[in-house]
Amino acid sequence: MSIKTANQAALERLVQARPMLVDCLPAEKAMGLTGRTVLHAGPPLSWEHGCPAMQAAVLCAMRYEGWAADDATALDFVLQGKVRLGPCHHMGAVGPMTGIITPSMPVFVVENRARGNRAYVTINEGLGKVLRFGANDDSVVERLRWLAREVGPVLGAVIRAGGGIDLRALMAQALRMGDEMHQRNVAASCLLARTLMGHLARASIDSQAVARVADFIASNDQFFLNIAMAAGKASTDPCLGIQNSTMVVTMARNGTDFGIRVAGLGDRWFTAPVEMPKGLYFPGFGPEDANPDMGDSAIVETMGLGAFAMAASPAVARFVGAGGMQEAIRATEEMAEICLGEHPHFRIPSLDERGTPVGIDIRKVVETGITPLINTGIAGKKPGVGQIGAGVARASLACFEQALEAFSARSR
Amino acid sequence: MLGISDLFRQEIRVINLGVEAFALTLERLGVPVIHVAWSPPAGGDPRKAALLAALTEDEEE
């Protein structure tokens with residue numbers, strides 16, 4: 001099969017995915033995550049190479065699970081090899097920022113009805129001090145326990161009662177309402193809440209619990225982000241292993257390295273040091289306080305949304321420091337230069353209904369030197385601080401160059 | 001055939017390839033200019049350019 005044919009097949013498989021939100025269950029039950037295992041964002045990461053925010057989140061997750069009473073004990077377990085660390089991506093999952101998943105955490109289950117595969121993601125914790133940004137005090141642990149005790153079971157029951165939610169249709173609509181599904185998810189979160197509302201009201205659940213869950217969803221404009229990520233994971237995973245395809249299937253960061261995987265190169269990661277995001281900072285913070293870019297959320301760009309759909313979301317362009325409408329359009333046009341095609345379902349009204357650029361080609365990235373643009377949150381580099389801003393980051397060119405070398409070597 | 005000195009006696013319209021600074025300078029002087037963002041493949045790295053060319057041939061097979 002020629003590269004052209006392989007890429008057409010990969011792109012078709014990606015854009016014709018049918019991600020459906022079908023459940024919310026503990027990770028142990030949903031994805032078979034057992035024992036003392038902590039999943040993290042990005043490519044594989046050894047403990048000693050983890051950034052402080054990532055390490056703080058891992059230790060906090062161990063306290064949350066009750067494996068250790070304090071960080072010192074948790075650290076001992078890690079150093080003695082009594083805890084397994086691994087990428088979310090290796091377990092069919094994705095996680096924002098630090099991306100931590102442990103067995104008792106509830107995860108959304110997204111099924112790609114076009115291929116039958118499933119993907120998993122945690123519930124977005126909301127804003128402020130949260131585990132995904134490396135915050136690790138008792139308030140973080142208490143919120144995580146409440147998510148497992150109350151929010152997860154309620155959402156699971158409600159989603160099952162609805163028989164599944166068509167995420168592709170929901171995201172296509174949200175895109176037309178100004179979301180790009182990475183930095184802005186307010187429309188998608190509202191559309192999801194609207195879909196869940198009736199089932200939530202009809203569920204035989206304590207009304208106070210229903211109110212708490214409803215308030216939680218309503219208070220978080222980024223509630224849908226994690227679900228968009230799982231939709232991306234469910235859509236891209238079936239493309240891994242398509243021989244001769246140069247299409248990027250995974251982009252992810254662990255706070256230390258940026259990593260990509262390519263359809264025709266299987267499970268192999270190509271990594272390089274991750275770059276610093278550029279953007280706007282909350283009052284009192286600046287670039288000197290920032291952690292290098294982090295999270296599996298670049299899966300949103302990998303499926304043709306996020307910064308690739310910036311032209312659909314000019315409000316985000318300003319928020320992330322990229323300027324106004326013209327800059328937003330330029331960002332989407334620039335990403336089109338490194339993509340195989342346009343998404344037939346994700347269309348941008350302000351671009352005369354053109355589809356978002358989708359299907360990053362490693363050859364086009366190396367040829368043009370244009371690296372994928374990623375909308376991102378900015379975590380504080382000091383553990384415990386949490387989010388300090390939001391901006392844009394670039395994928396590391398070296399990942400694509402390495403992948404091109406490997407691709408060429410494979411065909412020789 | 002026009003000589004170079006004739007060229008500068010008429011209205012000049014420019015297509016600028018590559019370095020944008022040239023286009024910006026002409027713009028400031030009120031000269032109509034279309035800038036084409038272009039750079040050598042793979043940043044001018046001949047080895048990577050050769051790899052890309054080989055893969056393009058593969059695509060055309």
# chains A, B, ... in the order shown; residues from 1 in each chain; ligands from 1

$ interface_residues --of "chain B" --to "chain A" --cutoff "12 Å" --atoms "only C-alpha atoms" --output "list of chain:residue names"
B:Ala37, B:Trp38, B:Ser39, B:Pro40, B:Pro41, B:Ala42, B:Gly43, B:Gly44, B:Asp45, B:Pro46, B:Arg47, B:Lys48, B:Ala49, B:Ala50, B:Leu51, B:Leu52, B:Ala53, B:Ala54, B:Leu55, B:Thr56, B:Glu57, B:Asp58, B:Glu59, B:Glu60, B:Glu61

$ residues_around --residues "Thr271 in chain A" --least-positions-apart "5" --cutoff "8 Å" --atoms "only C-alpha atoms" --output "compact mmCIF listing (two decimals) with N, CA and C atoms, in the first residue's frame"
# COMPACT_ATOMS: atom_id res chain seq x y z
N PRO A 43 4.15 10.57 27.38
CA PRO A 43 4.92 9.35 27.11
C PRO A 43 5.47 8.76 28.41
N ASP A 257 8.83 15.57 28.88
CA ASP A 257 8.99 15.27 27.46
C ASP A 257 7.68 15.47 26.69
N PHE A 258 7.85 15.80 25.41
CA PHE A 258 6.74 15.77 24.46
C PHE A 258 6.88 14.45 23.69
N GLY A 259 5.79 13.76 23.44
CA GLY A 259 5.88 12.50 22.71
C GLY A 259 4.81 12.39 21.65
N ILE A 260 5.18 11.74 20.53
CA ILE A 260 4.17 11.46 19.50
C ILE A 260 4.23 9.97 19.14
N ALA A 398 11.66 18.02 17.09
CA ALA A 398 12.55 16.85 17.11
C ALA A 398 11.77 15.53 17.12
N CYS A 399 10.59 15.51 17.72
CA CYS A 399 9.78 14.27 17.73
C CYS A 399 9.44 13.86 16.29

$ atom_distance --atom1 "CA of Gly295 in chain A" --atom2 "CA of Arg212 in chain A"
27.9 Å

$ atom_distance --atom1 "CA of Gly255 in chain A" --atom2 "CA of Pro106 in chain A"
23.7 Å

$ atom_distance --atom1 "CA of Ile217 in chain A" --atom2 "CA of Glu180 in chain A"
18.8 Å

$ residues_around --residues "Leu191 in chain A" --least-positions-apart "4" --cutoff "9 Å" --atoms "only C-alpha atoms" --output "list of chain:residue names"
A:Leu170, A:Gln173, A:Ala174, A:Val186, A:Ala187, A:Thr195, A:Leu196

$ residues_around --residues "Ser350 in chain A" --least-positions-apart "5" --cutoff "10 Å" --atoms "only C-alpha atoms" --output "PyMOL selection string"
chain A and resi 176+311-313+325+329

$ write_last_selection --atoms "N, CA and C atoms" --output "short mmCIF file (atom, residue, chain, number, x, y, z; two decimals), in the first residue's frame"
data_model
loop_
_atom_site.label_atom_id
_atom_site.label_comp_id
_atom_site.auth_asym_id
_atom_site.auth_seq_id
_atom_site.Cartn_x
_atom_site.Cartn_y
_atom_site.Cartn_z
N ARG A 176 -19.73 25.22 16.52
CA ARG A 176 -20.49 26.31 15.89
C ARG A 176 -20.93 27.34 16.91
N ALA A 311 -10.02 29.24 14.61
CA ALA A 311 -10.86 30.17 13.84
C ALA A 311 -12.33 30.09 14.26
N ALA A 312 -12.71 28.99 14.89
CA ALA A 312 -14.10 28.85 15.35
C ALA A 312 -14.28 29.47 16.73
N SER A 313 -13.18 29.89 17.34
CA SER A 313 -13.25 30.29 18.73
C SER A 313 -12.37 31.52 19.01
N MET A 325 -9.39 37.87 15.94
CA MET A 325 -9.99 37.02 14.91
C MET A 325 -9.00 36.68 13.79
N ILE A 329 -7.78 32.94 12.67
CA ILE A 329 -7.89 32.36 11.33
C ILE A 329 -6.51 31.93 10.83
#

$ select_by_dssp --residues "chain B" --states "strand (DSSP E or B)" --output "PyMOL selection string"
chain B and resi 14-17+33-36

$ residues_around --residues "Ala56 in chain A" --least-positions-apart "4" --cutoff "9 Å" --atoms "only C-alpha atoms" --output "PDB file with N, CA and C atoms, in the first residue's frame"
ATOM      1  N   CYS A  51       8.607  16.054  36.660  1.00  0.00           N
ATOM      2  CA  CYS A  51       8.701  17.413  37.179  1.00  0.00           C
ATOM      3  C   CYS A  51       8.040  17.444  38.565  1.00  0.00           C
ATOM      4  N   PRO A  52       8.358  18.438  39.383  1.00  0.00           N
ATOM      5  CA  PRO A  52       7.807  18.477  40.749  1.00  0.00           C
ATOM      6  C   PRO A  52       6.277  18.419  40.795  1.00  0.00           C
ATOM      7  N   CYS A  60       0.077  12.509  45.920  1.00  0.00           N
ATOM      8  CA  CYS A  60      -1.266  12.871  46.395  1.00  0.00           C
ATOM      9  C   CYS A  60      -2.276  11.774  46.043  1.00  0.00           C
ATOM     10  N   ALA A  61      -2.158  11.232  44.831  1.00  0.00           N
ATOM     11  CA  ALA A  61      -3.073  10.167  44.404  1.00  0.00           C
ATOM     12  C   ALA A  61      -2.911   8.934  45.290  1.00  0.00           C
ATOM     13  N   ASP A  71       3.014  11.995  52.371  1.00  0.00           N
ATOM     14  CA  ASP A  71       3.855  12.017  51.170  1.00  0.00           C
ATOM     15  C   ASP A  71       5.168  11.262  51.374  1.00  0.00           C
ATOM     16  N   LEU A 131      -5.825  18.215  41.391  1.00  0.00           N
ATOM     17  CA  LEU A 131      -4.726  17.257  41.198  1.00  0.00           C
ATOM     18  C   LEU A 131      -4.075  17.409  39.832  1.00  0.00           C
ATOM     19  N   GLY A 134      -1.231  19.581  39.773  1.00  0.00           N
ATOM     20  CA  GLY A 134      -0.187  19.304  40.744  1.00  0.00           C
ATOM     21  C   GLY A 134      -0.481  19.811  42.144  1.00  0.00           C
ATOM     22  N   ALA A 135      -1.709  20.303  42.387  1.00  0.00           N
ATOM     23  CA  ALA A 135      -2.072  20.677  43.759  1.00  0.00           C
ATOM     24  C   ALA A 135      -2.285  19.390  44.562  1.00  0.00           C
ATOM     25  N   ASN A 136      -2.005  19.434  45.852  1.00  0.00           N
ATOM     26  CA  ASN A 136      -1.941  18.159  46.569  1.00  0.00           C
ATOM     27  C   ASN A 136      -2.334  18.254  48.037  1.00  0.00           C
ATOM     28  N   PRO A 383       5.177  22.633  43.354  1.00  0.00           N
ATOM     29  CA  PRO A 383       4.086  21.716  43.719  1.00  0.00           C
ATOM     30  C   PRO A 383       3.076  22.393  44.641  1.00  0.00           C
ATOM     31  N   GLY A 384       1.815  22.057  44.438  1.00  0.00           N
ATOM     32  CA  GLY A 384       0.783  22.551  45.335  1.00  0.00           C
ATOM     33  C   GLY A 384       0.123  23.840  44.893  1.00  0.00           C
TER      34      GLY A 384
END

$ residues_around --residues "Glu11 in chain B" --least-positions-apart "5" --cutoff "12 Å" --atoms "only C-alpha atoms" --output "VMD selection string"
chain B and resid 6 30 to 33

$ write_last_selection --atoms "C-alpha atoms" --output "CSV table (one decimal), in the first residue's frame"
chain,number,residue,atom,x,y,z
B,6,ASP,CA,13.6,50.7,-17.7
B,30,GLY,CA,3.8,52.0,-0.7
B,31,VAL,CA,4.9,49.4,-3.3
B,32,PRO,CA,2.3,46.8,-4.0
B,33,VAL,CA,3.7,43.5,-2.8

$ closest_residue --among "A:Ile388, A:Ala214, A:Val78, A:Ala234" --to "Ala119 in chain A" --atoms "only C-alpha atoms"
A:Ala234

$ residues_around --residues "Ser204 in chain A" --least-positions-apart "4" --cutoff "10 Å" --atoms "only C-alpha atoms" --output "PDB file with C-alpha atoms, in the first residue's frame"
ATOM      1  CA  VAL A 154     -24.669   9.499  39.784  1.00  0.00           C
ATOM      2  CA  ALA A 157     -26.508   5.951  36.328  1.00  0.00           C
ATOM      3  CA  VAL A 158     -27.661   8.985  34.375  1.00  0.00           C
ATOM      4  CA  HIS A 199     -32.258  11.700  33.147  1.00  0.00           C
ATOM      5  CA  LEU A 200     -30.768  13.342  36.222  1.00  0.00           C
ATOM      6  CA  VAL A 210     -28.549  15.437  42.389  1.00  0.00           C
TER       7      VAL A 210
END

$ select_by_dssp --residues "chain B" --states "alpha helix (DSSP H)" --output "ChimeraX atom specification"
/B:4-7,20-28,46-60

$ closest_residue --among "A:Ala272, A:Val213, A:Ala328, A:Met310" --to "His182 in chain A" --atoms "only C-alpha atoms"
A:Met310

$ closest_residue --among "A:Gly323, A:Val83, A:Thr250, A:Glu28" --to "Ala148 in chain A" --atoms "only C-alpha atoms"
A:Glu28

$ closest_residue --among "A:Leu45, A:Ala30, A:Ala57, A:Val300" --to "Leu225 in chain A" --atoms "only C-alpha atoms"
A:Val300
